[in-house]
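For reference, the structure discussed in these notes is given below.
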Amino acid sequence: MLVVLAVTSATLYLAENNLRANQQKNLDTQFQNQLRSFLAVQDMQAGAITERCRALSHSVRLRAALEERDVDDLYRNALTELQGILDLNPTADEQERHSVRASFFRFLDADGAVLSPGEDFIGLNDQALLHNALAPMGRVLGDVEEQSIGFIPVGRGHRLDALREVVLTKIRDWNGKALGALVLGFPISAIDKQPVEGGASTFQSGLWLDRQLYIEGINAADRHLLIQRVDAAMLGQSAGHFIVDLASGPHFLFYKTLDPETRFSPACQICLYPLAASLREEQTLRWKIIAFGLAVLLGGFAASLFLAQGLSKPVDKIVAGSVENLTRRQQAEKDLRESNRELEKALTELKATQQQVIQQERLGAIGQMASGIAHDFNNNLMPILGFADVLLENPALLADKQEARRCLEILRTSAKDAASVVNRLREFYRPTETDEQFPIVDLAKIVQQAVSLTEPKWRHQTQANGLTVTVATEFKALPIVAGEESALREVLTNLIFNAVDAMPEGGRVSLETAIENERAILRVSDTGTGMTESVRQRCLEPFFSTKGERGTGLGLSMVYGIIQRHRGELQIHSALGKGTTFVLSLPLAESGPMEASVVSTGTKPNSSLKVLIVDDEDRIREVLSTYLRCDGHSVVTAASGREALEKFRRHHFDLVVMDRAMPEMSGDQTARFIKQVNQNVPVILLTGFGALIEMTGAQPQGVDVVLNKPITLDVLRRTIDKLLHAA
């Protein structure tokens, strides 16, 4: 019974809501159609009038009269120009036919003041009302670019014929300066009234302007109520509807702003639809639904009695079996708790095993990365040891200054690349900067340097094994790119070494530079064994290698990472038995000569300084002492922080250069004690962990400059120059 009652009530509620929704939808559709027709007529009228007004604004006679403020001549010329669209005494029949003939016109000067015609102009003498109605238009004249359309009241009362639709057109001289404006006023046509759907009465239409309602057939009390309701509704939105109770009964009121972008007071179209017929239909339908609900209730009561008798027997069986079900449920809960304890124990063991496996995987990955770093470091040490042995075992080469200088330059380049390998370790604990700026470098020069650096492997080592490997370069262009020299050299070094390893019986390696599609292209080809398609697709993965124990699987992955960091692209073309070609594409440098990217080098100082060098490593003290003595400085060394403090107290020094990691007393502590003795002496701190200091952003107290090892003579010179200039 309760179900039947609930269904009946819900049906009644939904039917009533559906009736109201359909009624509201039908009225809204009727309002929109009528409003669309009304706006179409208005747009047609406005289009014809605005084009005519634009033409009148270019009239030479009107411009001249307006510029000279000859009002009589201005209005006489306007009467001539406005023939065909001006009717000062329109009939009611013409208004009902949506006539486009204007009922008045006025001119405004450049300041927005109304220029009234003389008394002798018949039909234009309604001066007081028009002057007050057009005054607000003059205040917004400066905001109008060319034309604007709006509504103004020109009569008393609240009928539609008390309003006029006006078209304001600016008049400018030949130089574009505003001379004034022409205002044309047109009578307003109401929306054509049609019978409301479902009833014999018709709707009422009007306009809302300046918080006043212009509509016919409404008494004072209803008008006051409508003004309050419309004023409150217009604050929230420009279109909508609501129900209002008037003296003649409930009505649906629809409203919509005609032109929200007008420069004048916005007008809103209003339509009132009577709801008396709809309410009668709704009440009739409600009684029909109630009658149907009562019939359903009676039928449901009879059916429930019949079903109750048939359901009583199964209910007895259910009650009898409930005790047995309760016992089974208690046993199932006990078994479930036991299973949960076993699962928790297994989960604990699984987590412990998982942590052990993860730890083993981490140790394995660290071992492979350490092997890869050792591989790259050994690649850079090979030319250092090779050319050092050549210079030591061949004294004749030292006499050849050009050849000796070339060997020394290769040694220095390899040493810098080795330092770059160490510096890249910080990428494991510090994220890479996405907006990294690179200097401008010569790609062809880097190719030549890479060939020279790898010569001990592809020439001497292969010849010792009885093989012949040749490396050829071809420079179709000399591209200039923005990049890090050491990183790009490492790319080429890895590719050349991989090419040599891929030619177990010797062969040829070709390096070619070109410019294609406004990008720098570098091709590295070999005549080796090549790769299968599956190997080619996986060769860039970290720790993937086909060399067995000899390979680390990090070479090509680091090549790919460096190319990506330089905003480049890498393509691989290979086939089994036909060799491999790596195509590197890099963006060309935007602008600026090569010299713009070169860091300025320090110059030898003009004055001699007395410098205290503190380091527990003899070789580092020897190198720094040689650097500074070559520049004409006086050098005193100390092997520990305590020895440095004793010498600093006994002698005067202009500069202190010290290591950070020292036994007994660190460089940070020594620097603080030195500043306590003489805070004007600059202190330079050397450390192999400068990247960590940069990451934390905390410079040690008492230290003026932190330099990262290894340090070059040029960096030391520039640092001393900056400290002297700062002092």
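By order of appearance in the structure tokens: chains A, B, ..., then residues from 1 within every chain, and ligands from 1 in the order shown.
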Spatial neighbours of A:Ala135, max dist 8 Å, only C-alpha atoms, sep filter under 2 positions, as a list in words
Gly112, Ala113, Val114, His131, Asn132, Ala133, Met137, Gly138 and Arg139 of chain A
Write out as a PyMOL selection string the set of residues from stretch 131-367 of chain A that DSSP, computed on the backbone, places in alpha helix (DSSP H).
chain A and resi 131-139+220-234+276-367
Write out as a PyMOL selection string which residues come within 10 Å of stretch 157-165 of chain A when counting only C-alpha atoms, dropping same-chain ones fewer than 4 positions away.
chain A and resi 42+46+95+102-104+133+149-153+184-190+205-207+209+212-218+223
What does the file look like for those residues with N, CA, C and O atoms, as a CSV table (one decimal), in the first residue's frame?
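result-v4.csv was written with the following content:
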chain,number,residue,atom,x,y,z
A,42,GLN,N,13.4,45.6,-36.6
A,42,GLN,CA,14.2,46.7,-36.1
A,42,GLN,C,15.5,46.8,-36.8
A,42,GLN,O,16.0,47.8,-37.2
A,46,ALA,N,17.0,49.7,-38.9
A,46,ALA,CA,18.2,50.3,-38.4
A,46,ALA,C,19.3,50.2,-39.5
A,46,ALA,O,20.1,51.2,-39.7
A,95,GLN,N,2.6,54.0,-38.6
A,95,GLN,CA,3.4,53.4,-37.5
A,95,GLN,C,3.1,51.9,-37.3
A,95,GLN,O,4.0,51.1,-37.0
A,102,ALA,N,11.3,58.9,-40.0
A,102,ALA,CA,11.7,59.5,-38.7
A,102,ALA,C,10.7,60.6,-38.3
A,102,ALA,O,10.0,61.2,-39.2
A,103,SER,N,10.5,60.7,-37.0
A,103,SER,CA,9.5,61.7,-36.5
A,103,SER,C,10.2,63.0,-36.1
A,103,SER,O,9.5,64.0,-35.9
A,104,PHE,N,11.5,63.0,-35.9
A,104,PHE,CA,12.2,64.2,-35.6
A,104,PHE,C,13.7,64.0,-35.9
A,104,PHE,O,14.2,62.9,-36.0
A,133,ALA,N,15.4,65.2,-23.3
A,133,ALA,CA,15.6,63.8,-23.6
A,133,ALA,C,16.9,63.6,-24.3
A,133,ALA,O,17.5,62.5,-24.1
A,149,ILE,N,22.9,53.3,-31.3
A,149,ILE,CA,21.4,53.3,-31.4
A,149,ILE,C,20.9,53.1,-30.0
A,149,ILE,O,21.4,52.3,-29.2
A,150,GLY,N,19.8,53.8,-29.6
A,150,GLY,CA,19.2,53.6,-28.3
A,150,GLY,C,17.8,54.1,-28.2
A,150,GLY,O,17.2,54.3,-29.3
A,151,PHE,N,17.3,54.2,-27.0
A,151,PHE,CA,15.9,54.6,-26.8
A,151,PHE,C,15.8,55.8,-25.9
A,151,PHE,O,16.6,55.8,-24.9
A,152,ILE,N,14.9,56.7,-26.1
A,152,ILE,CA,14.7,57.9,-25.2
A,152,ILE,C,13.3,58.2,-25.0
A,152,ILE,O,12.5,57.9,-25.9
A,153,PRO,N,12.8,58.7,-23.9
A,153,PRO,CA,11.4,59.1,-23.7
A,153,PRO,C,11.3,60.6,-24.2
A,153,PRO,O,12.0,61.4,-23.8
A,184,LEU,N,18.5,61.1,-35.2
A,184,LEU,CA,17.2,60.8,-35.8
A,184,LEU,C,16.4,60.0,-34.9
A,184,LEU,O,16.9,59.1,-34.3
A,185,GLY,N,15.1,60.4,-34.7
A,185,GLY,CA,14.2,59.7,-33.8
A,185,GLY,C,13.1,59.0,-34.6
A,185,GLY,O,12.5,59.6,-35.6
A,186,PHE,N,12.7,57.8,-34.2
A,186,PHE,CA,11.7,57.0,-34.9
A,186,PHE,C,10.7,56.5,-34.0
A,186,PHE,O,11.1,56.1,-32.8
A,187,PRO,N,9.5,56.4,-34.3
A,187,PRO,CA,8.4,55.8,-33.5
A,187,PRO,C,8.7,54.3,-33.3
A,187,PRO,O,9.2,53.7,-34.2
A,188,ILE,N,8.3,53.8,-32.1
A,188,ILE,CA,8.5,52.4,-31.8
A,188,ILE,C,7.2,51.6,-32.1
A,188,ILE,O,6.1,52.0,-31.7
A,189,SER,N,7.4,50.4,-32.8
A,189,SER,CA,6.3,49.5,-33.1
A,189,SER,C,6.3,48.4,-32.0
A,189,SER,O,7.4,47.8,-31.7
A,190,ALA,N,5.2,48.1,-31.5
A,190,ALA,CA,5.1,47.0,-30.5
A,190,ALA,C,5.1,45.7,-31.2
A,190,ALA,O,4.9,45.5,-32.4
A,205,SER,N,2.8,43.4,-24.6
A,205,SER,CA,4.3,43.7,-24.8
A,205,SER,C,4.6,45.2,-24.4
A,205,SER,O,3.7,46.0,-24.5
A,206,GLY,N,5.8,45.4,-24.0
A,206,GLY,CA,6.3,46.8,-23.7
A,206,GLY,C,7.8,46.9,-23.6
A,206,GLY,O,8.5,45.9,-24.0
A,207,LEU,N,8.3,48.0,-23.2
A,207,LEU,CA,9.7,48.2,-23.0
A,207,LEU,C,10.0,48.7,-21.6
A,207,LEU,O,9.2,49.4,-21.0
A,209,LEU,N,12.8,50.9,-19.6
A,209,LEU,CA,13.9,51.9,-19.9
A,209,LEU,C,14.0,52.8,-18.7
A,209,LEU,O,13.1,53.4,-18.2
A,212,GLN,N,11.8,52.4,-15.8
A,212,GLN,CA,10.4,52.8,-16.1
A,212,GLN,C,9.8,51.7,-17.0
A,212,GLN,O,10.5,51.3,-18.0
A,213,LEU,N,8.6,51.3,-16.8
A,213,LEU,CA,7.9,50.3,-17.7
A,213,LEU,C,6.9,51.0,-18.6
A,213,LEU,O,6.0,51.7,-18.1
A,214,TYR,N,7.1,50.9,-19.9
A,214,TYR,CA,6.3,51.5,-20.9
A,214,TYR,C,5.4,50.4,-21.5
A,214,TYR,O,5.9,49.6,-22.4
A,215,ILE,N,4.2,50.3,-21.1
A,215,ILE,CA,3.3,49.2,-21.5
A,215,ILE,C,1.9,49.7,-21.4
A,215,ILE,O,1.6,50.6,-20.5
A,216,GLU,N,1.0,49.3,-22.2
A,216,GLU,CA,-0.4,49.7,-22.2
A,216,GLU,C,-1.3,48.7,-21.5
A,216,GLU,O,-1.0,47.5,-21.4
A,217,GLY,N,-2.4,49.2,-20.9
A,217,GLY,CA,-3.5,48.4,-20.3
A,217,GLY,C,-3.1,47.8,-19.0
A,217,GLY,O,-3.6,46.8,-18.6
A,218,ILE,N,-2.2,48.5,-18.2
A,218,ILE,CA,-1.8,48.1,-16.9
A,218,ILE,C,-2.2,49.2,-15.9
A,218,ILE,O,-1.9,50.4,-16.1
A,223,ARG,N,1.4,48.1,-12.3
A,223,ARG,CA,2.6,48.7,-12.8
A,223,ARG,C,3.7,48.8,-11.7
A,223,ARG,O,4.9,48.6,-12.0
Distance criterion (only C-alpha atoms): nearest to A:Leu488 out of A:Leu66, A:Leu540, A:Ile562, A:Val323:
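For A:Leu488, the nearest of the candidates is A:Ile562.
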Selection near A:Val500, 10 Å with only C-alpha atoms, sequence-local residues under 2 positions removed, as a ChimeraX atom specification:
/A:457-459,462,469-471,494-498,502-509,526-528
